[in-house]
>>> print(open('my_file-v7.pdb').read())   # PDB, C-alpha atoms and all ligand atoms
ATOM      1  CA  MET A   1     -19.654  27.307 -10.809
ATOM      2  CA  SER A   2     -17.442  29.413 -13.042
ATOM      3  CA  ASP A   3     -17.261  32.962 -11.655
ATOM      4  CA  LEU A   4     -14.177  34.291  -9.868
ATOM      5  CA  SER A   5     -15.938  34.258  -6.481
ATOM      6  CA  ALA A   6     -15.567  30.474  -6.655
ATOM      7  CA  PHE A   7     -11.895  31.122  -5.806
ATOM      8  CA  ASP A   8     -12.657  33.584  -2.990
ATOM      9  CA  LEU A   9     -12.186  32.909   0.726
ATOM     10  CA  ALA A  10     -13.712  36.196   1.931
ATOM     11  CA  GLY A  11     -15.069  35.782   5.438
ATOM     12  CA  LYS A  12     -13.877  32.177   5.787
ATOM     13  CA  ARG A  13     -12.005  31.227   8.954
ATOM     14  CA  ILE A  14      -9.066  28.943   8.175
ATOM     15  CA  ILE A  15      -6.657  27.265  10.597
ATOM     16  CA  VAL A  16      -3.129  26.807   9.205
ATOM     17  CA  THR A  17      -0.652  24.820  11.315
ATOM     18  CA  GLY A  18       3.025  25.754  11.231
ATOM     19  CA  ALA A  19       2.200  29.246   9.957
ATOM     20  CA  ASN A  20       5.293  31.017  11.327
ATOM     21  CA  THR A  21       7.571  30.068   8.427
ATOM     22  CA  GLY A  22       8.006  28.210   5.150
ATOM     23  CA  ILE A  23       5.103  26.577   3.384
ATOM     24  CA  GLY A  24       2.676  27.261   6.236
ATOM     25  CA  GLN A  25       3.442  30.970   6.049
ATOM     26  CA  GLY A  26       2.958  30.829   2.277
ATOM     27  CA  ILE A  27      -0.428  29.162   2.706
ATOM     28  CA  ALA A  28      -1.479  31.700   5.352
ATOM     29  CA  LEU A  29      -0.520  34.611   3.074
ATOM     30  CA  SER A  30      -2.254  33.164   0.004
ATOM     31  CA  ALA A  31      -5.400  32.574   2.070
ATOM     32  CA  GLY A  32      -5.117  36.130   3.425
ATOM     33  CA  LYS A  33      -4.905  37.524  -0.114
ATOM     34  CA  ALA A  34      -8.092  35.572  -0.900
ATOM     35  CA  GLY A  35      -9.796  37.301   2.059
ATOM     36  CA  ALA A  36      -9.635  34.601   4.736
ATOM     37  CA  HIS A  37      -9.416  35.131   8.482
ATOM     38  CA  VAL A  38      -6.385  32.942   9.143
ATOM     39  CA  VAL A  39      -5.695  31.399  12.534
ATOM     40  CA  GLY A  40      -2.001  30.538  12.417
ATOM     41  CA  VAL A  41      -1.042  27.768  14.821
ATOM     42  CA  GLY A  42       2.465  26.917  15.965
ATOM     43  CA  ARG A  43       5.000  26.689  18.730
ATOM     44  CA  SER A  44       7.159  29.669  17.608
ATOM     45  CA  ALA A  45       6.459  33.406  17.432
ATOM     46  CA  MET A  46       4.575  34.409  14.311
ATOM     47  CA  ASP A  47       5.661  38.056  14.116
ATOM     48  CA  GLU A  48       7.070  37.667  10.598
ATOM     49  CA  THR A  49       3.796  36.254   9.262
ATOM     50  CA  GLU A  50       1.834  39.017  11.020
ATOM     51  CA  VAL A  51       4.044  41.692   9.437
ATOM     52  CA  LYS A  52       3.671  40.154   5.964
ATOM     53  CA  PHE A  53      -0.108  40.091   6.429
ATOM     54  CA  ALA A  54      -0.274  43.903   6.572
ATOM     55  CA  GLY A  55      -2.369  45.232   3.714
ATOM     56  CA  LEU A  56      -3.982  41.903   2.813
ATOM     57  CA  SER A  57      -7.775  41.766   2.711
ATOM     58  CA  GLY A  58      -7.900  38.952   5.291
ATOM     59  CA  SER A  59      -6.776  38.932   8.916
ATOM     60  CA  PHE A  60      -4.257  36.911  10.955
ATOM     61  CA  THR A  61      -4.560  35.592  14.507
ATOM     62  CA  PRO A  62      -1.640  33.664  16.045
ATOM     63  CA  VAL A  63      -2.333  30.759  18.401
ATOM     64  CA  MET A  64       0.399  28.905  20.288
ATOM     65  CA  ALA A  65       0.271  25.097  20.477
ATOM     66  CA  ASP A  66       2.792  22.269  20.366
ATOM     67  CA  LEU A  67       1.324  19.835  17.876
ATOM     68  CA  ALA A  68       3.677  17.007  18.831
ATOM     69  CA  ASP A  69       1.051  16.151  21.467
ATOM     70  CA  HIS A  70      -2.226  15.118  19.844
ATOM     71  CA  HIS A  71      -4.209  15.975  22.987
ATOM     72  CA  ALA A  72      -2.877  19.552  22.811
ATOM     73  CA  ALA A  73      -3.668  19.596  19.102
ATOM     74  CA  GLN A  74      -7.299  18.640  19.701
ATOM     75  CA  ALA A  75      -7.617  21.110  22.585
ATOM     76  CA  MET A  76      -6.364  23.859  20.252
ATOM     77  CA  ILE A  77      -9.190  23.156  17.779
ATOM     78  CA  ASP A  78     -11.752  23.306  20.614
ATOM     79  CA  GLU A  79     -10.285  26.582  21.900
ATOM     80  CA  VAL A  80     -10.249  28.248  18.485
ATOM     81  CA  TRP A  81     -13.860  27.203  17.926
ATOM     82  CA  ALA A  82     -14.875  28.549  21.341
ATOM     83  CA  ASP A  83     -12.873  31.799  21.172
ATOM     84  CA  ALA A  84     -12.977  32.806  17.505
ATOM     85  CA  GLY A  85     -16.113  31.055  16.258
ATOM     86  CA  PRO A  86     -16.808  28.358  13.668
ATOM     87  CA  VAL A  87     -13.945  27.323  11.411
ATOM     88  CA  ASP A  88     -14.401  26.674   7.695
ATOM     89  CA  GLY A  89     -11.086  25.072   6.850
ATOM     90  CA  LEU A  90      -8.102  23.280   8.369
ATOM     91  CA  VAL A  91      -4.687  23.065   6.702
ATOM     92  CA  ASN A  92      -2.438  20.445   8.296
ATOM     93  CA  ASN A  93       0.991  21.733   7.312
ATOM     94  CA  ALA A  94       3.189  21.454  10.433
ATOM     95  CA  GLY A  95       5.757  18.733   9.983
ATOM     96  CA  ILE A  96       9.251  17.602  10.900
ATOM     97  CA  ILE A  97      11.900  15.339   9.399
ATOM     98  CA  ARG A  98      14.741  13.254  10.888
ATOM     99  CA  ARG A  99      17.610  11.862   8.818
ATOM    100  CA  ALA A 100      19.513   8.618   9.462
ATOM    101  CA  ASP A 101      20.239   5.342   7.690
ATOM    102  CA  ALA A 102      17.463   2.810   8.226
ATOM    103  CA  LEU A 103      19.940   0.552  10.044
ATOM    104  CA  ASP A 104      20.672   3.300  12.589
ATOM    105  CA  PHE A 105      17.180   4.759  12.927
ATOM    106  CA  THR A 106      16.209   5.358  16.560
ATOM    107  CA  GLU A 107      12.837   4.836  18.182
ATOM    108  CA  ALA A 108      12.773   8.518  19.191
ATOM    109  CA  ASP A 109      13.294   9.649  15.584
ATOM    110  CA  TRP A 110      10.512   7.303  14.527
ATOM    111  CA  ASP A 111       8.048   8.404  17.237
ATOM    112  CA  ASP A 112       8.722  12.160  17.035
ATOM    113  CA  VAL A 113       8.028  12.289  13.315
ATOM    114  CA  LEU A 114       5.011   9.963  13.361
ATOM    115  CA  ASP A 115       3.500  11.815  16.348
ATOM    116  CA  THR A 116       3.681  15.234  14.684
ATOM    117  CA  ASN A 117       3.211  14.419  11.007
ATOM    118  CA  LEU A 118       0.597  11.666  11.224
ATOM    119  CA  LYS A 119      -0.953  11.105  14.661
ATOM    120  CA  SER A 120      -1.635  14.763  15.438
ATOM    121  CA  MET A 121      -2.687  15.372  11.844
ATOM    122  CA  PHE A 122      -5.346  12.652  12.173
ATOM    123  CA  PHE A 123      -6.637  13.879  15.533
ATOM    124  CA  LEU A 124      -6.744  17.484  14.290
ATOM    125  CA  CYS A 125      -8.964  16.273  11.430
ATOM    126  CA  GLN A 126     -11.128  14.377  13.906
ATOM    127  CA  ALA A 127     -11.579  17.374  16.247
ATOM    128  CA  PHE A 128     -12.358  19.679  13.309
ATOM    129  CA  ALA A 129     -14.878  17.254  11.796
ATOM    130  CA  ARG A 130     -16.661  16.715  15.126
ATOM    131  CA  HIS A 131     -17.326  20.461  15.345
ATOM    132  CA  VAL A 132     -18.433  20.739  11.721
ATOM    133  CA  LEU A 133     -20.778  17.751  11.955
ATOM    134  CA  ALA A 134     -22.288  18.978  15.230
ATOM    135  CA  GLU A 135     -23.864  21.924  13.385
ATOM    136  CA  PRO A 136     -26.522  20.893  10.856
ATOM    137  CA  GLY A 137     -25.843  22.454   7.449
ATOM    138  CA  ARG A 138     -22.221  23.384   8.186
ATOM    139  CA  SER A 139     -19.509  22.270   5.765
ATOM    140  CA  GLY A 140     -15.748  22.142   6.037
ATOM    141  CA  ARG A 141     -12.530  21.781   4.094
ATOM    142  CA  ILE A 142      -9.384  19.912   5.125
ATOM    143  CA  VAL A 143      -6.105  20.210   3.218
ATOM    144  CA  ASN A 144      -3.269  17.921   4.283
ATOM    145  CA  ILE A 145       0.299  18.625   3.236
ATOM    146  CA  ALA A 146       1.777  15.378   1.938
ATOM    147  CA  SER A 147       5.061  15.059   0.011
ATOM    148  CA  MET A 148       6.758  13.466  -2.980
ATOM    149  CA  LEU A 149       7.685  10.864  -0.371
ATOM    150  CA  SER A 150       4.015   9.952  -0.149
ATOM    151  CA  PHE A 151       4.757   8.230  -3.487
ATOM    152  CA  GLN A 152       8.508   7.589  -3.445
ATOM    153  CA  GLY A 153      10.796   5.866  -0.959
ATOM    154  CA  GLY A 154      13.543   8.393  -0.431
ATOM    155  CA  ILE A 155      16.763   7.611   1.455
ATOM    156  CA  ARG A 156      17.637   8.100   5.167
ATOM    157  CA  VAL A 157      14.157   9.432   6.047
ATOM    158  CA  ALA A 158      12.328   6.276   7.160
ATOM    159  CA  SER A 159       9.895   7.865   9.604
ATOM    160  CA  TYR A 160       9.198  10.810   7.294
ATOM    161  CA  THR A 161       8.376   8.538   4.347
ATOM    162  CA  ALA A 162       6.144   6.416   6.583
ATOM    163  CA  SER A 163       4.385   9.507   7.901
ATOM    164  CA  LYS A 164       3.788  11.072   4.496
ATOM    165  CA  SER A 165       2.525   7.794   2.989
ATOM    166  CA  GLY A 166       0.196   7.704   5.977
ATOM    167  CA  VAL A 167      -0.966  11.272   5.352
ATOM    168  CA  LEU A 168      -2.049  10.238   1.877
ATOM    169  CA  GLY A 169      -3.831   7.106   3.110
ATOM    170  CA  ILE A 170      -5.656   8.956   5.878
ATOM    171  CA  THR A 171      -6.627  11.733   3.446
ATOM    172  CA  ARG A 172      -8.290   9.155   1.220
ATOM    173  CA  LEU A 173      -9.967   7.340   4.119
ATOM    174  CA  LEU A 174     -11.396  10.534   5.625
ATOM    175  CA  ALA A 175     -12.513  11.713   2.186
ATOM    176  CA  CYS A 176     -14.503   8.494   1.784
ATOM    177  CA  GLU A 177     -16.024   8.716   5.281
ATOM    178  CA  TRP A 178     -16.935  12.410   5.128
ATOM    179  CA  ALA A 179     -17.566  13.224   1.436
ATOM    180  CA  GLY A 180     -21.282  12.635   1.898
ATOM    181  CA  ARG A 181     -21.363  14.703   5.093
ATOM    182  CA  GLY A 182     -20.171  18.068   3.794
ATOM    183  CA  ILE A 183     -16.450  17.814   4.472
ATOM    184  CA  ASN A 184     -13.911  17.781   1.625
ATOM    185  CA  VAL A 185     -10.576  16.188   2.504
ATOM    186  CA  ASN A 186      -7.745  16.568  -0.002
ATOM    187  CA  ALA A 187      -3.949  16.774  -0.065
ATOM    188  CA  ILE A 188      -1.126  18.654  -1.737
ATOM    189  CA  ALA A 189       2.195  16.943  -2.440
ATOM    190  CA  PRO A 190       4.873  19.658  -2.603
ATOM    191  CA  GLY A 191       8.062  19.080  -4.549
ATOM    192  CA  TYR A 192      11.344  20.750  -3.570
ATOM    193  CA  ILE A 193      10.317  24.044  -1.960
ATOM    194  CA  GLU A 194      12.698  26.745  -0.704
ATOM    195  CA  THR A 195      12.194  26.698   3.080
ATOM    196  CA  ASN A 196      14.285  26.154   6.250
ATOM    197  CA  ASN A 197      13.488  22.474   5.867
ATOM    198  CA  THR A 198      15.495  22.270   2.630
ATOM    199  CA  ALA A 199      18.219  24.839   3.448
ATOM    200  CA  ALA A 200      20.839  22.138   4.079
ATOM    201  CA  ILE A 201      20.118  20.496   0.707
ATOM    202  CA  ARG A 202      20.399  23.830  -1.110
ATOM    203  CA  ALA A 203      23.691  24.533   0.672
ATOM    204  CA  ASP A 204      25.158  21.368  -0.890
ATOM    205  CA  ALA A 205      25.980  22.733  -4.363
ATOM    206  CA  GLU A 206      26.375  19.346  -6.044
ATOM    207  CA  ARG A 207      23.145  17.915  -4.653
ATOM    208  CA  SER A 208      21.234  21.120  -5.296
ATOM    209  CA  ALA A 209      22.336  21.156  -8.954
ATOM    210  CA  ALA A 210      21.353  17.499  -9.392
ATOM    211  CA  ILE A 211      17.875  18.208  -8.002
ATOM    212  CA  LEU A 212      17.442  21.308 -10.133
ATOM    213  CA  GLY A 213      18.437  19.374 -13.232
ATOM    214  CA  ARG A 214      15.628  16.890 -12.593
ATOM    215  CA  ILE A 215      12.855  19.481 -12.074
ATOM    216  CA  PRO A 216      11.143  20.025 -15.450
ATOM    217  CA  ALA A 217      10.112  23.580 -14.473
ATOM    218  CA  GLY A 218      13.787  24.442 -14.004
ATOM    219  CA  ARG A 219      13.408  26.046 -10.578
ATOM    220  CA  TRP A 220      12.708  25.136  -6.968
ATOM    221  CA  GLY A 221       9.203  25.834  -5.706
ATOM    222  CA  GLU A 222       8.238  28.790  -3.530
ATOM    223  CA  ALA A 223       5.934  28.665  -0.525
ATOM    224  CA  SER A 224       3.379  30.718  -2.459
ATOM    225  CA  ASP A 225       3.173  27.963  -5.096
ATOM    226  CA  ILE A 226       1.769  25.667  -2.409
ATOM    227  CA  GLY A 227      -0.315  28.486  -0.911
ATOM    228  CA  ASP A 228      -2.129  29.138  -4.170
ATOM    229  CA  ALA A 229      -2.981  25.443  -4.592
ATOM    230  CA  ALA A 230      -4.247  25.360  -1.007
ATOM    231  CA  VAL A 231      -6.559  28.314  -1.695
ATOM    232  CA  PHE A 232      -8.101  26.331  -4.549
ATOM    233  CA  LEU A 233      -8.746  23.343  -2.249
ATOM    234  CA  LEU A 234     -10.254  25.636   0.413
ATOM    235  CA  ALA A 235     -12.435  27.576  -2.020
ATOM    236  CA  PRO A 236     -15.907  26.789  -3.436
ATOM    237  CA  ALA A 237     -14.370  25.971  -6.843
ATOM    238  CA  SER A 238     -13.104  22.587  -5.620
ATOM    239  CA  HIS A 239     -16.417  21.491  -4.095
ATOM    240  CA  TYR A 240     -16.523  18.170  -5.993
ATOM    241  CA  MET A 241     -12.976  17.143  -5.020
ATOM    242  CA  HIS A 242     -12.619  14.464  -2.355
ATOM    243  CA  GLY A 243      -9.499  12.419  -1.617
ATOM    244  CA  ALA A 244      -7.463  14.080  -4.350
ATOM    245  CA  VAL A 245      -3.739  14.709  -4.068
ATOM    246  CA  ILE A 246      -2.322  17.546  -6.143
ATOM    247  CA  PRO A 247       1.424  17.410  -6.832
ATOM    248  CA  VAL A 248       2.847  20.960  -6.846
ATOM    249  CA  ASP A 249       6.389  20.048  -7.786
ATOM    250  CA  GLY A 250       7.405  21.704 -11.043
ATOM    251  CA  GLY A 251       6.793  18.376 -12.800
ATOM    252  CA  TRP A 252       9.082  16.236 -10.566
ATOM    253  CA  LEU A 253       6.698  13.285 -10.288
ATOM    254  CA  ALA A 254       5.665  13.494 -13.927
ATOM    255  CA  ARG A 255       9.237  12.912 -15.075
TER     256      ARG A 255
HETATM  257  P1  LIG B   1       9.694  24.217   7.894
HETATM  258  O1  LIG B   1      10.620  23.408   8.730
HETATM  259  O2  LIG B   1      10.168  25.481   7.270
HETATM  260  O3  LIG B   1       8.344  24.510   8.689
HETATM  261  C1  LIG B   1       7.704  23.493   9.427
HETATM  262  C2  LIG B   1       6.617  24.131  10.246
HETATM  263  O4  LIG B   1       6.009  23.147  11.084
HETATM  264  C3  LIG B   1       7.169  25.212  11.168
HETATM  265  O5  LIG B   1       6.232  26.237  11.259
HETATM  266  C4  LIG B   1       7.277  24.467  12.476
HETATM  267  O6  LIG B   1       7.313  25.283  13.601
HETATM  268  C5  LIG B   1       6.014  23.640  12.419
HETATM  269  N1  LIG B   1       6.043  22.583  13.418
HETATM  270  C6  LIG B   1       6.856  21.509  13.453
HETATM  271  N2  LIG B   1       6.638  20.798  14.556
HETATM  272  C7  LIG B   1       5.661  21.431  15.249
HETATM  273  C8  LIG B   1       5.011  21.196  16.470
HETATM  274  N3  LIG B   1       5.319  20.159  17.259
HETATM  275  N4  LIG B   1       4.054  22.052  16.881
HETATM  276  C9  LIG B   1       3.745  23.132  16.119
HETATM  277  N5  LIG B   1       4.317  23.415  14.951
HETATM  278  C10 LIG B   1       5.285  22.580  14.516
HETATM  279  O7  LIG B   1       9.197  23.212   6.768
HETATM  280  P2  LIG B   1       8.405  23.432   5.399
HETATM  281  O8  LIG B   1       7.700  24.716   5.392
HETATM  282  O9  LIG B   1       9.332  23.101   4.324
HETATM  283  O10 LIG B   1       7.378  22.226   5.518
HETATM  284  C11 LIG B   1       5.997  22.395   5.771
HETATM  285  C12 LIG B   1       5.290  21.098   5.419
HETATM  286  O11 LIG B   1       5.525  20.790   4.058
HETATM  287  C13 LIG B   1       5.789  19.898   6.223
HETATM  288  O12 LIG B   1       4.707  19.043   6.521
HETATM  289  C14 LIG B   1       6.758  19.214   5.252
HETATM  290  O13 LIG B   1       6.880  17.851   5.504
HETATM  291  C15 LIG B   1       6.039  19.481   3.941
HETATM  292  N6  LIG B   1       6.905  19.390   2.756
HETATM  293  C16 LIG B   1       7.933  20.277   2.545
HETATM  294  C17 LIG B   1       8.712  20.181   1.409
HETATM  295  C18 LIG B   1       9.823  21.140   1.084
HETATM  296  O14 LIG B   1      10.505  20.966   0.069
HETATM  297  N7  LIG B   1      10.065  22.182   1.877
HETATM  298  C19 LIG B   1       8.486  19.129   0.408
HETATM  299  C20 LIG B   1       7.368  18.254   0.733
HETATM  300  C21 LIG B   1       6.621  18.407   1.858
HETATM  301  P3  LIG B   1       8.733  25.708  14.244
HETATM  302  O15 LIG B   1       9.292  26.772  13.352
HETATM  303  O16 LIG B   1       8.360  26.189  15.581
HETATM  304  O17 LIG B   1       9.583  24.471  14.268
END
>>> encode(input="my_file-v7.pdb", output="structure tokens")
Amino acid sequence: MSDLSAFDLAGKRIIVTGANTGIGQGIALSAGKAGAHVVGVGRSAMDETEVKFAGLSGSFTPVMADLADHHAAQAMIDEVWADAGPVDGLVNNAGIIRRADALDFTEADWDDVLDTNLKSMFFLCQAFARHVLAEPGRSGRIVNIASMLSFQGGIRVASYTASKSGVLGITRLLACEWAGRGINVNAIAPGYIETNNTAAIRADAERSAAILGRIPAGRWGEASDIGDAAVFLLAPASHYMHGAVIPVDGGWLAR
């Protein structure tokens, strides 16, 4: 498969969680440029993403759901399937972070992060796969957004590191279970990307300069950098990829 259509998402319906801002918005826009019908899922208004979609070859449909509750997350998949029709791809991007020393970490900061980043992510995959496998001949793509902290420890982010290590493990497990059944499950590990999530780090001039000095590419990542990698994992071109994790980090992990 070597023609450019192998990188095309024309006519594909793709769910992107957390599509109102940041990396999720970048993924939605990249998929829209590749022709996808994007269903953007989140708990905040998605007006900005809708406006940015104008003129793209794909389309954008916002759907409201709070993904902290895995029952609500699964119900959302069922509703999209019933209302919009079959879904070709799921991008699990929505995520949160809590910061505190390990000695002071609270149960709430542990549970909130694990519930959203890992538990709901798993049950979204399960709901999506049940629909795909119920239709003989149907295939599906899942892209999970991991992190550098899927590989590294980090500091003061215990629940986040646990969740993102878990995202990587679950990606590999699901890839093994479903590779022979028409579902590709892969992950992207973003480096330092300019989003709301990292605004506080960028506002700290000393810390920001130290990070920049360690990124071989010499710049922070943009949401579109992750979006373009996600398009590849959603497109026919990556059909033989199962359980892979692609670092998109300007060379951070390679250093
Ligand atoms: P943002 O904080 O900018 O965006 C997070 C998104 O997740 C928002 O759309 C947010 O919605 C949504 N979200 C969070 N909780 C819920 C929920 N309960 N229900 C529905 N939606 C929810 O972060 P980023 O764009 O930076 O991060 C996106 C993903 O990328 C995350 O999984 C993050 O861990 C990962 N990542 C980011 C990196 C970076 O450098 N930025 C590096 C490595 C990984 P709302 O606006 O309503 O809160």
>>> residues_near_ligand(input="my_file-v7.pdb", ligand="ligand LIG 1 (chain B)", cutoff="8 Å", atoms="all atoms listed in the file", output="PyMOL selection string")
chain A and resi 17-25+41-45+64-69+92-97+116-117+145-149+160+164+189-198+221+223
>>> atom_distance(input="my_file-v7.pdb", atom1="CA of Phe60 (chain A)", atom2="CA of Gly85 (chain A)")
14.2 Å
>>> closest_residue(input="my_file-v7.pdb", among="A:Val80, A:Val248, A:Val16, A:Ala205", to="Met121 (chain A)", atoms="only C-alpha atoms")
A:Val16
>>> closest_residue(input="my_file-v7.pdb", among="A:Thr106, A:Ser120, A:Ser59, A:Asn186", to="Tyr240 (chain A)", atoms="only C-alpha atoms")
A:Asn186
>>> closest_residue(input="my_file-v7.pdb", among="A:Arg156, A:Arg13, A:His37, A:Arg202", to="Arg141 (chain A)", atoms="all atoms listed in the file")
A:Arg13
>>> residues_around(input="my_file-v7.pdb", residues="Met241 (chain A)", least_positions_apart="2", cutoff="10 Å", atoms="all atoms listed in the file", output="VMD selection string")
chain A and resid 175 179 184 to 186 233 237 to 239 243 to 245
>>> resolve_selection(input="my_file-v7.pdb", expression="the PyMOL selection byres (((chain A and resi 163) around 8) and not hetatm)", output="list of chain:residue names")
A:Val113, A:Leu114, A:Asn117, A:Leu118, A:Ser159, A:Tyr160, A:Thr161, A:Ala162, A:Lys164, A:Ser165, A:Gly166, A:Val167
>>> residues_around(input="my_file-v7.pdb", residues="Val87 (chain A)", least_positions_apart="5", cutoff="9 Å", atoms="only C-alpha atoms", output="count of residues only")
11
>>> atom_distance(input="my_file-v7.pdb", atom1="CA of Asn144 (chain A)", atom2="CA of Leu90 (chain A)")
8.3 Å
>>> residues_around(input="my_file-v7.pdb", residues="Ala217 (chain A)", least_positions_apart="6", cutoff="12 Å", atoms="only C-alpha atoms", output="list in words")
Gly191, Tyr192, Ile211, Val248, Asp249, Gly250, Gly251, Trp252, Leu253, Ala254 and Arg255 of chain A
>>> atom_distance(input="my_file-v7.pdb", atom1="CA of Gly169 (chain A)", atom2="CA of Ile183 (chain A)")
16.6 Å
>>> residues_around(input="my_file-v7.pdb", residues="Val231 (chain A)", least_positions_apart="6", cutoff="10 Å", atoms="all atoms listed in the file", output="PyMOL selection string")
chain A and resi 7-9+27-34+36+143+237-238
>>> decode(input="my_file-v7.pdb", residues="region 97-143 of chain A", atoms="C-alpha atoms", output="PDB file, in the first residue's frame")
ATOM      1  CA  ILE A  97      -3.252  15.739  35.902  1.00  0.00           C
ATOM      2  CA  ARG A  98      -2.902  16.479  39.639  1.00  0.00           C
ATOM      3  CA  ARG A  99       0.339  17.663  41.234  1.00  0.00           C
ATOM      4  CA  ALA A 100       1.529  16.922  44.783  1.00  0.00           C
ATOM      5  CA  ASP A 101       4.467  15.256  46.512  1.00  0.00           C
ATOM      6  CA  ALA A 102       3.974  11.505  46.817  1.00  0.00           C
ATOM      7  CA  LEU A 103       3.976  11.863  50.614  1.00  0.00           C
ATOM      8  CA  ASP A 104       1.020  14.272  50.451  1.00  0.00           C
ATOM      9  CA  PHE A 105      -0.927  12.649  47.620  1.00  0.00           C
ATOM     10  CA  THR A 106      -4.644  12.368  48.398  1.00  0.00           C
ATOM     11  CA  GLU A 107      -6.988   9.528  47.555  1.00  0.00           C
ATOM     12  CA  ALA A 108      -9.181  11.949  45.579  1.00  0.00           C
ATOM     13  CA  ASP A 109      -6.239  13.051  43.413  1.00  0.00           C
ATOM     14  CA  TRP A 110      -5.400   9.401  42.832  1.00  0.00           C
ATOM     15  CA  ASP A 111      -8.969   8.332  41.969  1.00  0.00           C
ATOM     16  CA  ASP A 112      -9.885  11.339  39.795  1.00  0.00           C
ATOM     17  CA  VAL A 113      -6.890  10.865  37.526  1.00  0.00           C
ATOM     18  CA  LEU A 114      -7.103   7.067  37.322  1.00  0.00           C
ATOM     19  CA  ASP A 115     -10.867   7.213  36.653  1.00  0.00           C
ATOM     20  CA  THR A 116     -10.542   9.610  33.715  1.00  0.00           C
ATOM     21  CA  ASN A 117      -7.182   8.674  32.219  1.00  0.00           C
ATOM     22  CA  LEU A 118      -7.265   4.893  32.611  1.00  0.00           C
ATOM     23  CA  LYS A 119     -10.593   3.403  33.722  1.00  0.00           C
ATOM     24  CA  SER A 120     -12.777   5.346  31.291  1.00  0.00           C
ATOM     25  CA  MET A 121     -10.177   4.928  28.560  1.00  0.00           C
ATOM     26  CA  PHE A 122     -10.384   1.136  28.957  1.00  0.00           C
ATOM     27  CA  PHE A 123     -14.186   1.033  29.006  1.00  0.00           C
ATOM     28  CA  LEU A 124     -14.389   3.345  25.978  1.00  0.00           C
ATOM     29  CA  CYS A 125     -12.179   0.851  24.115  1.00  0.00           C
ATOM     30  CA  GLN A 126     -14.399  -1.998  25.286  1.00  0.00           C
ATOM     31  CA  ALA A 127     -17.649  -0.306  24.172  1.00  0.00           C
ATOM     32  CA  PHE A 128     -16.129   0.619  20.798  1.00  0.00           C
ATOM     33  CA  ALA A 129     -14.776  -2.894  20.202  1.00  0.00           C
ATOM     34  CA  ARG A 130     -18.095  -4.543  21.112  1.00  0.00           C
ATOM     35  CA  HIS A 131     -19.813  -2.535  18.366  1.00  0.00           C
ATOM     36  CA  VAL A 132     -17.089  -3.216  15.806  1.00  0.00           C
ATOM     37  CA  LEU A 133     -17.018  -6.954  16.517  1.00  0.00           C
ATOM     38  CA  ALA A 134     -20.816  -7.221  16.398  1.00  0.00           C
ATOM     39  CA  GLU A 135     -20.740  -6.450  12.661  1.00  0.00           C
ATOM     40  CA  PRO A 136     -19.028  -9.146  10.582  1.00  0.00           C
ATOM     41  CA  GLY A 137     -16.359  -7.638   8.321  1.00  0.00           C
ATOM     42  CA  ARG A 138     -16.148  -4.311  10.170  1.00  0.00           C
ATOM     43  CA  SER A 139     -12.746  -3.064  11.324  1.00  0.00           C
ATOM     44  CA  GLY A 140     -11.712  -0.345  13.727  1.00  0.00           C
ATOM     45  CA  ARG A 141      -8.828   1.788  14.908  1.00  0.00           C
ATOM     46  CA  ILE A 142      -8.052   2.894  18.462  1.00  0.00           C
ATOM     47  CA  VAL A 143      -5.410   5.513  19.262  1.00  0.00           C
TER      48      VAL A 143
END
